[in-house]
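Please read the structure below before turning to the comments.
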Amino acid sequence: MDFNDSPEEAAYRQQVRDWLEANAPKQHVSGSDPEGGDNLVPAKAWQARKAAAGYACITWPKEWGGQGGTPIQNVIFGQEEARYPIPGNPFQIGLGMCVPTVMNFADQATKERFAGPAIRGEEIWCQLFSEPSGGSDVASARTKAVRAPDGSGDWLISGQKVWTTGAQFSDFGIVICRTNPDVPKHKGLTMFWLDMKSPGVEVKPIHQMSGGSGFNEVFFTDVRVKDSQRLGAEGDGWKVSLVTLMNERLAVGGASGMGWAQFMEAARNTPGIDGGAAIKDSALRDKLADWYVQAEGLKHTRNRTMTALSRGQTPGPESSIGKIVSALQMQDLANTALEMLDQYGIINDPELSPQHAGFQNSLMFAPGLRIAGGTDEILKNIIAERVLGLPGDIRVDKDVAFKDMPTGR
Amino acid sequence: MNFDFSDDQKFLKGEARKFLDANCPTSRVRKVLDDDAQGYDAELWKAVAGQGWLGAAIPEEHGGLGLGHLELCVIAEELGRVVAPIPFASTVYVLAEAVMAAGDAGQKAHYLPKIAAGEIIGCLATSEGPGVVNTANLQASVDGGKLTGTKIPVTDGGIADVALVLAKEGGKPGLFLVDLKGAGVTREPLKTLDPTRDAAKLTFAGAAATRLGGAGEGLDLLEQVLDRAAILLAFEQCGGADRSLEMAKEYALERYAFGRTIASYQAIKHKLADMYVKNELARSNAYYGAWALNTNAPEMPVAASAARIAASEAFWFASKENIQTHGGIGFTWEMDCHLYYRRSRQLSLVAGAPRVWKERLVSHLERRNAAA
C-alpha cells in the first residue's frame with residue numbers, strides 16, 4: 001500500500017509534466033466564471049493546443065480521434081494540468097456526455113463531421129434534458145418532436161428545456177423529445193442532435209439565487225431537424241440518454257474552495273466567545289474535526305478509485321459518495337463560518353468579508369450543488385438501489401400512457 | 001497509485017472470514033454475553049493463536065509471523081465483523097505494539113514470544129474515574145518499582161496476565177508493565193455495557209512495576225500506543241459497521257409492511273444509503289491510517305485521529321439505525337443487533353472518546369498549519 005505511481009504511470013506523468021512545462025499558460029488569462037462563459041477564447045486556444053499534442057481526449061478510442069489511453073492516464077493528466085492556471089473548461093459536458101452519445105448512435109458521416117472540431121475545442125456542445133416539469137424525472141420530458149407535415153421526414157421540435165449549462169455559447173446540443181405520448185413515458189422518447197443556431201431556438205439565461213447566470217432556459221418553437229439527426233431509433237431515447245447520463249455524476253462534483261483549511265484560517269483571525277480566537281471555541285473545533293475527516297475520507301476514496309483504475313479494474317461503487325458528502329459539507333461549513341462571524345456574517349462583500357466573501361458565496365451556491373447532477377435524494381436512491389440492491393420505488397406512471405399521466409404544476 | 005490491500009492480504013482476509021464464520025458465530029459470542037463468569041471465549045482465543053494472528057505483526061525473531069501491520073488490519077476488520085469475544089485488541093494492538101515500539105531488548109524477548117503463542121493476555125490501565133485522565137488528576141504512582149493506585153475500568157483486566165499502566169514516577173507520568181498474577185494486585189469484575197468483553201477494577205498495593213520507555217515519557221508514549229491501537233480498532237469498527245449495514249439490508253428485504261418489503265420505502269433506503277456513505281468514509285480514513293501505521297509515517301497522529309473519529313461515527317450510526325430498521329424485534333435480547341450496538345460503544349470508548357480525539361486532531365492541524 002503506497003501512493004506511488006507504477007513505473008509506466010511515472011513515465012507518463014513525466015512526459016505530461018514536460019509537455020505542460022513547455023506549453024501550459026503560466027498565468028490566468030481572464031475570466032472567473034466557472035462555467036467558462038467569459039473566457040472562451042483562451043479556453044479554446046488551450047483545448048486546441050492539447051488536442052494537437054494528443055491530450056484532449058486521452059481515453060477516447062483512436063477511431064474517434066482520441067488516444068486510446070487508460071483512465072489512469074486521464075487522471076494523471078488532470079492532476080498535472082490542475083497545477084497550472086488553465087482557463088475554465090466549457091468543453092466538459094460536450095466531450096464527457098454529448099459527443100460520446102453522438103459517437104455511439106450517429107451515422108458515419110455525422111461522427112466524422114463532429115468528432116474533430118469537438119476535440120479541438122472549435123465547437124461546444126450542450127445537453128438539453130431537464131425541463132421545468134421534470135428534473136430528477138428526466139423521462140417525463142414534455143418537449144415534443146413531430147414529423148413535419150410536408151412529408152420530408154423532418155421533425156419539428158417544440159417545448160422548453162431548463163438548467164442547460166453553456167447553452168448561450170454552445171454550437172450544438174443533444175435534445176431528448178417526446179415523440180409518442182400514447183405509450184408509457186420511457187417508451188415514447190427520441191434523441192436528436194441539433195444546431196443551436198437553428199431558427200426557433202431561443203436561449204435565455206437563468207438568474208440564479210446566487211446572483212450568477214451559469215445556466216439557461218432554452219425554448220423551441222417548431223425547430224426543424226432532419227431525420228438523420230436522430231440518435232438511436234424512434235422511441236429509444238431513454239436508452240440513449242442512459243449512455244449520456246452514465247458520465248454525469250463523474251463530471252459534476254466541483255467542490256468549492258472553502259474547506260476546513262480556509263475555515264481554520266478564518267477562525268484563527270476571528271474573535272471567539274471567550275475573547276480568544278474563535279479557533280479555541282470547542283463547538284467550532286468539533287465541527288472542524290468532522291469536516292477534516294469527511295474531506296480526508298473523500299480524498300482517500302478517490303485514491304481507492306484511482307488504485308482500481310491503476311490496476312486495470314473497474315472502480316467500486318464507493319466513488320458514488322462524493323457529491324452527496326461535499327455538497328452538504330459546503331452548506332454546513334459556510335453556515336458555521338457565518339455563525340462564527342456573528343453579526344458580521346451577514347455582510348456579503350469581497351472587500352469586507354473574510355476569504356473574499358467565500359463563505360457567503362458558498363452558502364448561496366450550495367443549494368444548487370445539492371440539486372445539480374442528481375439531487376441528494378436521487379443519489380441516495382441510486383446508492384440504495386444500485387449499490388445495496390434494494391428495490392426500486394413503486395412507479396405509479398410506469399404502465400400509463402404519457403398523455404394520461406397525472407401532472408401537477 | 002497503490003492505495004489498497006494486496007491480493008495476498010485480501011486472500012488472508014478471506015481466510016480469516018471463513019475461519020471466523022466457522023469458529024465465531026454469534027451463538028458463541030452469546031455464551032460470553034450470558035455467562036458473567038466467562039470473561040472471554042478461551043477456546044476461540046486458543047484457535048486464533050493457532051492461526052498465528054496474535055503474532056502476525058511480531059517479528060519472526062520473537063516468535064511472530066513477521067508479516068506487516070496491513071495483515072493485522074485485515075484480521076482486525078474480520079474480528080470486528082463477528083464481534084469476537086476475545087482480548088485481541090488489549091493484547092495485540094496495545095501490549096504487543098507498545099512493547100515493540102518502546103520495549104528494551106529484554107522486554108521484547110520476554111513478552112513478544114508469549115503474546116505470539118497466546119500464553120499471555122494484556123490490558124491497558126489508564127482510566128481512574130469519570131472523565132479524561134491527565135497529568136493533573138493522575139493518582140496512581142510508582143515508587144521504587146512498586147505501583148500503588150486504582151484503575152477503573154480496565155478492559156480485559158479480569159483475565160489479563162500483564163497490564164500496561166499509566167502512573168506517575170517522581171511526579172511525572174510513565175507507562176509501566178505490571179504482572180497481574182504477582183503480589184499486591186486485586187481485581188474486581190465490573191458490569192459494563194458490553195459483557196462480551198471483560199472489564200475489571202484493578203487495585204495495586206505495592207505491585208511490582210517495570211517502566212516501558214524513558215522516565216517521564218509516559219504521556220508521549222501513551223499517545224503513540226493509542227495512535228497505533230486506534231488505527232487497528234478502526235478496522236474492527238469498520239467490520240462491525242459493515243455487518244450492521246448488511247443485517248439492516250437483509251432484514252429490510254425480508255420484512256413486509258403495508259404490502260411490500262420495507263426495503264422499498266425511501267425512508268429505509270435513504271437510511272441505509274447514509275450508513276453506506278459513513279462506512280465508506282470510515283473505510284477510506286482507516287486505509288490511510290493503515291498506510292501510516294505500516295510505514296510509521298510522521299502523519300500517524302493525524303491519520304489515527306481521523307480513522308478513529310470516522311470509524312466511531314460510522315459504527316455508532318450503523319449499529320443504532322440497524323436496530324431502528326428492525327423495529328420491535330431489533331429491541332429484543334434474542335436478535336443480534338444489540339451485540340453490535342454494545343460493541344460500538346465499547347470500541348469508541350476503550351481508547352478514549354471520539355470527542356477527545358477530535359480535540360487532538362484539531363490541535364495537530366493547528367500545529368501543522370502554523371508550521372506551514
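How things are named: the first chain in the C-alpha cells is A, the next is B, and so on; residues count from 1 in each chain; ligands count from 1 in the order shown.
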* What's the 7 Å shell around segment 164-178 of chain B, counting only C-alpha atoms, without same-chain residues fewer than 2 positions away, as JSON, numbers by chain? -> {"B": [95, 123, 124, 125, 126, 135, 138, 140, 141, 142, 143, 162, 180, 208, 209, 210, 211, 212, 215, 216, 217, 218, 219]}
Writing out the chosen residues with C-alpha atoms as a PDB file, in the first residue's frame:
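File produced: result-v1.pdb:
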ATOM      1  CA  LEU B  95       0.535  -4.631  24.661  1.00  0.00           C
ATOM      2  CA  CYS B 123      -4.624  -4.909  29.098  1.00  0.00           C
ATOM      3  CA  LEU B 124      -4.323  -1.135  29.213  1.00  0.00           C
ATOM      4  CA  ALA B 125      -4.920   0.558  32.562  1.00  0.00           C
ATOM      5  CA  THR B 126      -5.103   4.330  32.316  1.00  0.00           C
ATOM      6  CA  THR B 135      -1.247  14.720  34.358  1.00  0.00           C
ATOM      7  CA  LEU B 138      -3.478  11.061  37.643  1.00  0.00           C
ATOM      8  CA  ALA B 140      -1.504   6.043  40.505  1.00  0.00           C
ATOM      9  CA  SER B 141       2.164   6.220  41.341  1.00  0.00           C
ATOM     10  CA  VAL B 142       5.291   4.123  41.239  1.00  0.00           C
ATOM     11  CA  ASP B 143       7.971   4.413  43.858  1.00  0.00           C
ATOM     12  CA  VAL B 162       0.031  -8.259  32.158  1.00  0.00           C
ATOM     13  CA  LEU B 180      -1.155  -9.122  37.383  1.00  0.00           C
ATOM     14  CA  ALA B 208       5.989  -4.810  41.090  1.00  0.00           C
ATOM     15  CA  ALA B 209       6.181  -2.467  38.076  1.00  0.00           C
ATOM     16  CA  THR B 210       8.760  -2.147  35.305  1.00  0.00           C
ATOM     17  CA  ARG B 211       8.911   1.029  33.248  1.00  0.00           C
ATOM     18  CA  LEU B 212       8.393   0.841  29.499  1.00  0.00           C
ATOM     19  CA  ALA B 215      11.375   8.201  32.503  1.00  0.00           C
ATOM     20  CA  GLY B 216       8.716  10.905  32.267  1.00  0.00           C
ATOM     21  CA  GLU B 217       7.843   9.971  28.677  1.00  0.00           C
ATOM     22  CA  GLY B 218       4.612   8.301  29.688  1.00  0.00           C
ATOM     23  CA  LEU B 219       2.124  10.631  28.001  1.00  0.00           C
TER      24      LEU B 219
END
Give me the residues of segment 262-362 of chain B that have any atom at most 12 Å from an atom of segment 12-31 of chain B; for each, the nearest atom pair and the distance in Å, rounded to one decimal. Use only C-alpha atoms, sort by chain and number, and format it as a tab-separated table.
residue	atom	partner	partner_atom	distance
B:Trp333	CA	B:Arg30	CA	10.1
B:Glu334	CA	B:Arg30	CA	9.5
B:Met335	CA	B:Thr26	CA	9.9
B:Asp336	CA	B:Thr26	CA	7.3
B:Cys337	CA	B:Thr26	CA	10.6
B:His338	CA	B:Arg30	CA	11.0
B:Leu339	CA	B:Val29	CA	8.5
B:Tyr340	CA	B:Thr26	CA	10.6
B:Arg343	CA	B:Val29	CA	11.4
* **Expected answer as a ChimeraX atom specification: helix (DSSP H, G or I) residues in segment 90-148 of chain B** => /B:90-102,105-117
Written selection (N, CA and C atoms) as an mmCIF file, in the first residue's frame:
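For reference, part.cif as written:
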data_model
loop_
_atom_site.group_PDB
_atom_site.id
_atom_site.type_symbol
_atom_site.label_atom_id
_atom_site.label_comp_id
_atom_site.auth_asym_id
_atom_site.auth_seq_id
_atom_site.Cartn_x
_atom_site.Cartn_y
_atom_site.Cartn_z
ATOM 1 N N SER B 90 -6.594 -5.695 23.326
ATOM 2 C CA SER B 90 -5.764 -5.394 24.504
ATOM 3 C C SER B 90 -4.391 -6.040 24.389
ATOM 4 N N THR B 91 -4.372 -7.235 23.869
ATOM 5 C CA THR B 91 -3.127 -7.995 23.838
ATOM 6 C C THR B 91 -2.244 -7.604 22.657
ATOM 7 N N VAL B 92 -2.892 -7.483 21.487
ATOM 8 C CA VAL B 92 -2.107 -7.274 20.267
ATOM 9 C C VAL B 92 -1.934 -5.783 19.952
ATOM 10 N N TYR B 93 -3.081 -5.055 19.861
ATOM 11 C CA TYR B 93 -2.966 -3.642 19.444
ATOM 12 C C TYR B 93 -2.272 -2.810 20.521
ATOM 13 N N VAL B 94 -2.479 -3.183 21.789
ATOM 14 C CA VAL B 94 -1.908 -2.376 22.865
ATOM 15 C C VAL B 94 -0.587 -2.957 23.374
ATOM 16 N N LEU B 95 -0.669 -4.130 23.986
ATOM 17 C CA LEU B 95 0.535 -4.631 24.661
ATOM 18 C C LEU B 95 1.672 -4.940 23.671
ATOM 19 N N ALA B 96 1.368 -5.735 22.660
ATOM 20 C CA ALA B 96 2.432 -6.104 21.714
ATOM 21 C C ALA B 96 2.970 -4.862 21.008
ATOM 22 N N GLU B 97 2.069 -3.977 20.581
ATOM 23 C CA GLU B 97 2.518 -2.775 19.865
ATOM 24 C C GLU B 97 3.362 -1.893 20.775
ATOM 25 N N ALA B 98 2.956 -1.761 22.040
ATOM 26 C CA ALA B 98 3.702 -0.912 22.973
ATOM 27 C C ALA B 98 5.092 -1.483 23.214
ATOM 28 N N VAL B 99 5.164 -2.788 23.403
ATOM 29 C CA VAL B 99 6.474 -3.408 23.657
ATOM 30 C C VAL B 99 7.351 -3.298 22.406
ATOM 31 N N MET B 100 6.744 -3.496 21.242
ATOM 32 C CA MET B 100 7.547 -3.378 20.005
ATOM 33 C C MET B 100 8.030 -1.948 19.799
ATOM 34 N N ALA B 101 7.185 -0.960 20.182
ATOM 35 C CA ALA B 101 7.551 0.437 19.933
ATOM 36 C C ALA B 101 8.562 0.945 20.952
ATOM 37 N N ALA B 102 8.440 0.531 22.227
ATOM 38 C CA ALA B 102 9.238 1.182 23.273
ATOM 39 C C ALA B 102 9.982 0.218 24.179
ATOM 40 N N ALA B 105 15.462 -4.617 24.827
ATOM 41 C CA ALA B 105 15.676 -5.959 24.268
ATOM 42 C C ALA B 105 15.130 -7.036 25.186
ATOM 43 N N GLY B 106 15.325 -6.842 26.476
ATOM 44 C CA GLY B 106 14.860 -7.841 27.431
ATOM 45 C C GLY B 106 13.343 -7.936 27.459
ATOM 46 N N GLN B 107 12.690 -6.787 27.436
ATOM 47 C CA GLN B 107 11.216 -6.778 27.461
ATOM 48 C C GLN B 107 10.656 -7.424 26.200
ATOM 49 N N LYS B 108 11.262 -7.119 25.075
ATOM 50 C CA LYS B 108 10.789 -7.724 23.818
ATOM 51 C C LYS B 108 10.941 -9.240 23.877
ATOM 52 N N ALA B 109 12.119 -9.683 24.324
ATOM 53 C CA ALA B 109 12.389 -11.127 24.358
ATOM 54 C C ALA B 109 11.469 -11.831 25.344
ATOM 55 N N HIS B 110 11.068 -11.108 26.398
ATOM 56 C CA HIS B 110 10.215 -11.726 27.418
ATOM 57 C C HIS B 110 8.754 -11.801 26.968
ATOM 58 N N TYR B 111 8.231 -10.683 26.466
ATOM 59 C CA TYR B 111 6.783 -10.612 26.223
ATOM 60 C C TYR B 111 6.345 -11.093 24.837
ATOM 61 N N LEU B 112 7.097 -10.705 23.813
ATOM 62 C CA LEU B 112 6.576 -10.923 22.456
ATOM 63 C C LEU B 112 6.357 -12.406 22.116
ATOM 64 N N PRO B 113 7.295 -13.284 22.438
ATOM 65 C CA PRO B 113 7.035 -14.696 22.101
ATOM 66 C C PRO B 113 5.811 -15.239 22.832
ATOM 67 N N LYS B 114 5.619 -14.795 24.069
ATOM 68 C CA LYS B 114 4.459 -15.277 24.835
ATOM 69 C C LYS B 114 3.154 -14.752 24.242
ATOM 70 N N ILE B 115 3.181 -13.508 23.788
ATOM 71 C CA ILE B 115 1.974 -12.957 23.142
ATOM 72 C C ILE B 115 1.669 -13.750 21.874
ATOM 73 N N ALA B 116 2.716 -13.950 21.072
ATOM 74 C CA ALA B 116 2.509 -14.646 19.794
ATOM 75 C C ALA B 116 1.959 -16.045 20.016
ATOM 76 N N ALA B 117 2.381 -16.688 21.102
ATOM 77 C CA ALA B 117 1.957 -18.060 21.374
ATOM 78 C C ALA B 117 0.599 -18.123 22.070
#
Contact set, chain A to chain B: 7 Å, only C-alpha atoms, as a short mmCIF file (atom, residue, chain, number, x, y, z; two decimals) with N, CA and C atoms, in the first residue's frame:
data_model
loop_
_atom_site.label_atom_id
_atom_site.label_comp_id
_atom_site.auth_asym_id
_atom_site.auth_seq_id
_atom_site.Cartn_x
_atom_site.Cartn_y
_atom_site.Cartn_z
N MET A 1 0.85 -1.20 0.00
CA MET A 1 0.00 0.00 0.00
C MET A 1 0.88 1.24 0.00
N ASP A 2 0.78 2.03 -1.04
CA ASP A 2 1.50 3.30 -1.10
C ASP A 2 0.80 4.22 -2.09
N PHE A 3 1.33 5.42 -2.23
CA PHE A 3 0.69 6.40 -3.11
C PHE A 3 1.52 6.62 -4.38
N ASN A 4 2.39 5.70 -4.65
CA ASN A 4 3.34 5.91 -5.75
C ASN A 4 2.76 5.47 -7.10
N ASP A 5 3.25 6.14 -8.14
CA ASP A 5 2.92 5.70 -9.49
C ASP A 5 3.62 4.38 -9.78
N SER A 6 2.99 3.59 -10.64
CA SER A 6 3.72 2.45 -11.19
C SER A 6 4.79 3.01 -12.14
N ARG A 285 -14.29 23.65 16.99
CA ARG A 285 -13.25 22.61 16.83
C ARG A 285 -13.87 21.26 16.52
N ASP A 286 -14.99 21.01 17.16
CA ASP A 286 -15.70 19.75 16.91
C ASP A 286 -16.11 19.65 15.43
N ALA A 289 -13.10 19.17 13.08
CA ALA A 289 -12.65 17.77 13.04
C ALA A 289 -13.53 16.97 12.10
N VAL A 293 -12.28 15.11 8.64
CA VAL A 293 -12.42 13.66 8.49
C VAL A 293 -13.22 13.33 7.22
N GLN A 294 -14.25 14.11 6.95
CA GLN A 294 -15.02 13.90 5.71
C GLN A 294 -14.17 14.17 4.48
N GLU A 296 -10.93 14.15 4.17
CA GLU A 296 -9.91 13.10 4.03
C GLU A 296 -10.55 11.82 3.53
N GLY A 297 -11.74 11.53 4.04
CA GLY A 297 -12.45 10.32 3.60
C GLY A 297 -12.71 10.37 2.11
N LEU A 298 -13.10 11.55 1.60
CA LEU A 298 -13.35 11.67 0.16
C LEU A 298 -12.05 11.57 -0.63
N HIS A 300 -9.30 10.04 0.14
CA HIS A 300 -8.77 8.67 0.09
C HIS A 300 -9.72 7.72 -0.61
N THR A 301 -10.98 8.09 -0.67
CA THR A 301 -11.90 7.30 -1.51
C THR A 301 -11.51 7.48 -2.97
N ASN A 303 -8.52 8.10 -3.94
CA ASN A 303 -7.29 7.31 -4.09
C ASN A 303 -7.60 5.83 -4.29
N ARG A 304 -8.65 5.36 -3.63
CA ARG A 304 -9.04 3.96 -3.83
C ARG A 304 -9.56 3.75 -5.26
N MET A 306 -8.73 5.54 -7.86
CA MET A 306 -7.55 5.61 -8.75
C MET A 306 -6.76 4.32 -8.73
N THR A 307 -6.70 3.71 -7.56
CA THR A 307 -5.98 2.44 -7.44
C THR A 307 -6.63 1.37 -8.30
N SER A 310 -5.75 2.13 -11.75
CA SER A 310 -4.33 1.84 -11.96
C SER A 310 -4.10 0.34 -12.13
N GLU A 318 -17.87 2.88 -4.33
CA GLU A 318 -17.60 3.91 -3.33
C GLU A 318 -17.44 5.30 -3.93
N ILE A 321 -20.15 8.37 -3.55
CA ILE A 321 -20.50 9.15 -2.37
C ILE A 321 -20.02 10.59 -2.43
N LYS A 380 -29.15 9.20 -3.11
CA LYS A 380 -29.37 8.17 -2.08
C LYS A 380 -30.17 7.00 -2.66
N ASN A 381 -31.13 7.31 -3.51
CA ASN A 381 -31.86 6.22 -4.18
C ASN A 381 -30.90 5.37 -5.00
N ILE A 383 -27.64 4.94 -4.59
CA ILE A 383 -26.81 4.10 -3.70
C ILE A 383 -27.64 2.92 -3.20
N ALA A 384 -28.87 3.22 -2.76
CA ALA A 384 -29.71 2.15 -2.19
C ALA A 384 -30.02 1.08 -3.23
N LEU A 390 -31.33 -2.64 -3.11
CA LEU A 390 -32.70 -2.52 -2.60
C LEU A 390 -33.65 -2.27 -3.78
N PRO A 391 -34.93 -2.57 -3.58
CA PRO A 391 -35.87 -2.44 -4.71
C PRO A 391 -36.06 -0.99 -5.16
N GLY A 392 -36.40 -0.83 -6.43
CA GLY A 392 -36.73 0.49 -6.95
C GLY A 392 -38.04 0.98 -6.34
N ASP A 393 -38.26 2.29 -6.46
CA ASP A 393 -39.51 2.82 -5.95
C ASP A 393 -40.69 2.30 -6.77
#
* Asked: Residues at most 12 Å from segment 366-376 of chain A, counting only C-alpha atoms, excluding those fewer than 6 positions away in the same chain, as an MDAnalysis selection string?
  -> (chainID A and resid 93 127 129:130 135:138 162:165 208:212 214:215 245:256 258 320:335 358:360 382:383) or (chainID B and resid 270 273:274)
* To do: Determine, counting only C-alpha atoms, which protein, DNA and RNA residues have an atom within 6 Å of an atom of segment 150-154 of chain A; residues of the same chain fewer than 3 positions away are not included. Present the result as a PyMOL selection string.
  => chain A and resi 147+225-227
* Rounded to one decimal place, report the atom CA of Asp41 of chain B-atom CA of Pro85 of chain B distance in Å. =>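 We find that atom CA of Asp41 of chain B and atom CA of Pro85 of chain B lie 5.9 Å from each other.
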* Between B:Gly39, B:Gly103, B:Pro301, B:Pro59, single out the one closest to Glu223 of chain B, counting only C-alpha atoms. =>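 Checking each candidate against Glu223 of chain B, we get B:Pro301 as the closest.
Interatomic distance, atom CA of Val83 of chain B to atom CA of Thr192 of chain B: 15.6 Å.
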* So how many Å separate atom CA of Lys181 of chain B and atom CA of Asp198 of chain B, to one decimal? ->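 One can read the atom CA of Lys181 of chain B to atom CA of Asp198 of chain B distance as 16.7 Å.
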* To do: Enumerate as an MDAnalysis selection string all residues of segment 168-350 of chain B assigned to strand (DSSP E) by DSSP on the backbone, naming them with the chain letters and numbers the document uses.
  => chainID B and resid 168:169 172:179 185:189 199:212 256:257 260:261
Atoms kept (C-alpha atoms) for selection, written as a PDB file, in the first residue's frame:
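The result, stored in result_30.pdb:
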ATOM      1  CA  LYS B 168       3.422   8.844  37.997  1.00  0.00           C
ATOM      2  CA  GLU B 169       7.007   8.278  38.971  1.00  0.00           C
ATOM      3  CA  LYS B 172       5.942  12.563  36.009  1.00  0.00           C
ATOM      4  CA  PRO B 173       3.688  10.182  34.071  1.00  0.00           C
ATOM      5  CA  GLY B 174       5.191   6.936  32.863  1.00  0.00           C
ATOM      6  CA  LEU B 175       3.991   3.675  31.375  1.00  0.00           C
ATOM      7  CA  PHE B 176       4.666   0.545  33.403  1.00  0.00           C
ATOM      8  CA  LEU B 177       4.394  -3.168  32.794  1.00  0.00           C
ATOM      9  CA  VAL B 178       2.806  -4.967  35.722  1.00  0.00           C
ATOM     10  CA  ASP B 179       2.428  -8.713  36.239  1.00  0.00           C
ATOM     11  CA  VAL B 185      -2.933  -6.822  42.770  1.00  0.00           C
ATOM     12  CA  THR B 186      -6.661  -7.032  43.466  1.00  0.00           C
ATOM     13  CA  ARG B 187      -9.253  -7.422  40.712  1.00  0.00           C
ATOM     14  CA  GLU B 188     -12.972  -6.789  40.917  1.00  0.00           C
ATOM     15  CA  PRO B 189     -15.227  -7.547  37.952  1.00  0.00           C
ATOM     16  CA  ALA B 199     -13.617  -5.429  32.344  1.00  0.00           C
ATOM     17  CA  ALA B 200     -12.405  -5.008  35.888  1.00  0.00           C
ATOM     18  CA  LYS B 201     -11.329  -2.582  38.538  1.00  0.00           C
ATOM     19  CA  LEU B 202      -7.669  -3.110  39.400  1.00  0.00           C
ATOM     20  CA  THR B 203      -6.247  -2.061  42.733  1.00  0.00           C
ATOM     21  CA  PHE B 204      -2.497  -2.016  43.149  1.00  0.00           C
ATOM     22  CA  ALA B 205      -0.874  -2.039  46.580  1.00  0.00           C
ATOM     23  CA  GLY B 206       2.854  -2.191  46.028  1.00  0.00           C
ATOM     24  CA  ALA B 207       2.692  -4.361  42.896  1.00  0.00           C
ATOM     25  CA  ALA B 208       5.989  -4.810  41.090  1.00  0.00           C
ATOM     26  CA  ALA B 209       6.181  -2.467  38.076  1.00  0.00           C
ATOM     27  CA  THR B 210       8.760  -2.147  35.305  1.00  0.00           C
ATOM     28  CA  ARG B 211       8.911   1.029  33.248  1.00  0.00           C
ATOM     29  CA  LEU B 212       8.393   0.841  29.499  1.00  0.00           C
ATOM     30  CA  TYR B 256     -43.131  -6.759   4.736  1.00  0.00           C
ATOM     31  CA  ALA B 257     -45.244  -3.839   5.929  1.00  0.00           C
ATOM     32  CA  ARG B 260     -44.389  -4.544   0.431  1.00  0.00           C
ATOM     33  CA  THR B 261     -40.852  -5.028   1.710  1.00  0.00           C
TER      34      THR B 261
END
* Asked: Which neighbours of Gly50 of chain B fall inside 12 Å, counting only C-alpha atoms, when residues of the same chain fewer than 2 positions from it are skipped, and could you give them as a ChimeraX atom specification?
  -> /B:19,43-48,52-56,64-65,115-119
* To do: Please provide as a PyMOL selection string all residues within 12 Å of Pro298 of chain B, with the sequence filter that same-chain residues fewer than 6 positions apart are discarded (counting only C-alpha atoms).
  => chain B and resi 224+227+289+291-292+304+364+368
Could those residues be written to a file, using C-alpha atoms, as a PDB file, in the first residue's frame?
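See out.pdb below for the written result:
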ATOM      1  CA  GLN B 224       1.934   6.625  20.311  1.00  0.00           C
ATOM      2  CA  ASP B 227      -2.436   6.054  17.804  1.00  0.00           C
ATOM      3  CA  GLY B 289      -4.274   5.006   8.926  1.00  0.00           C
ATOM      4  CA  TRP B 291      -0.645   3.166   5.432  1.00  0.00           C
ATOM      5  CA  ALA B 292       0.662   5.447   8.212  1.00  0.00           C
ATOM      6  CA  ALA B 304      -5.059   7.790  13.533  1.00  0.00           C
ATOM      7  CA  HIS B 364      -2.389  18.710  15.399  1.00  0.00           C
ATOM      8  CA  ARG B 368       0.753  21.739  11.159  1.00  0.00           C
TER       9      ARG B 368
END
* Extract, using only C-alpha atoms, all DNA, RNA and protein residues at most 10 Å from Ala51 of chain A, discarding same-chain residues fewer than 2 positions from it, and format them as number ranges by chain. => A: 45-49, 53-58, 65-67, 116-121
Residues of the last selection are to be written out with C-alpha atoms, as a short mmCIF file (atom, residue, chain, number, x, y, z; two decimals), in the first residue's frame.
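Below is the file that was written, part35.cif:
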data_model
loop_
_atom_site.label_atom_id
_atom_site.label_comp_id
_atom_site.auth_asym_id
_atom_site.auth_seq_id
_atom_site.Cartn_x
_atom_site.Cartn_y
_atom_site.Cartn_z
CA ALA A 45 -6.83 28.04 -27.55
CA TRP A 46 -5.75 25.76 -24.70
CA GLN A 47 -8.04 22.96 -25.89
CA ALA A 48 -6.62 23.19 -29.44
CA ARG A 49 -3.10 23.01 -28.08
CA ALA A 53 -0.46 17.08 -28.66
CA GLY A 54 -2.92 14.24 -28.06
CA TYR A 55 -4.00 15.30 -24.56
CA ALA A 56 -7.54 16.47 -25.29
CA CYS A 57 -9.46 13.19 -25.20
CA ILE A 58 -6.99 10.75 -23.77
CA GLY A 65 -9.66 10.77 -32.76
CA GLY A 66 -8.69 10.02 -29.16
CA GLN A 67 -5.52 8.41 -27.84
CA GLY A 116 -12.54 16.56 -34.68
CA PRO A 117 -13.96 20.05 -34.08
CA ALA A 118 -15.22 18.95 -30.64
CA ILE A 119 -11.86 17.56 -29.59
CA ARG A 120 -10.08 20.70 -30.79
CA GLY A 121 -12.50 22.93 -28.89
#
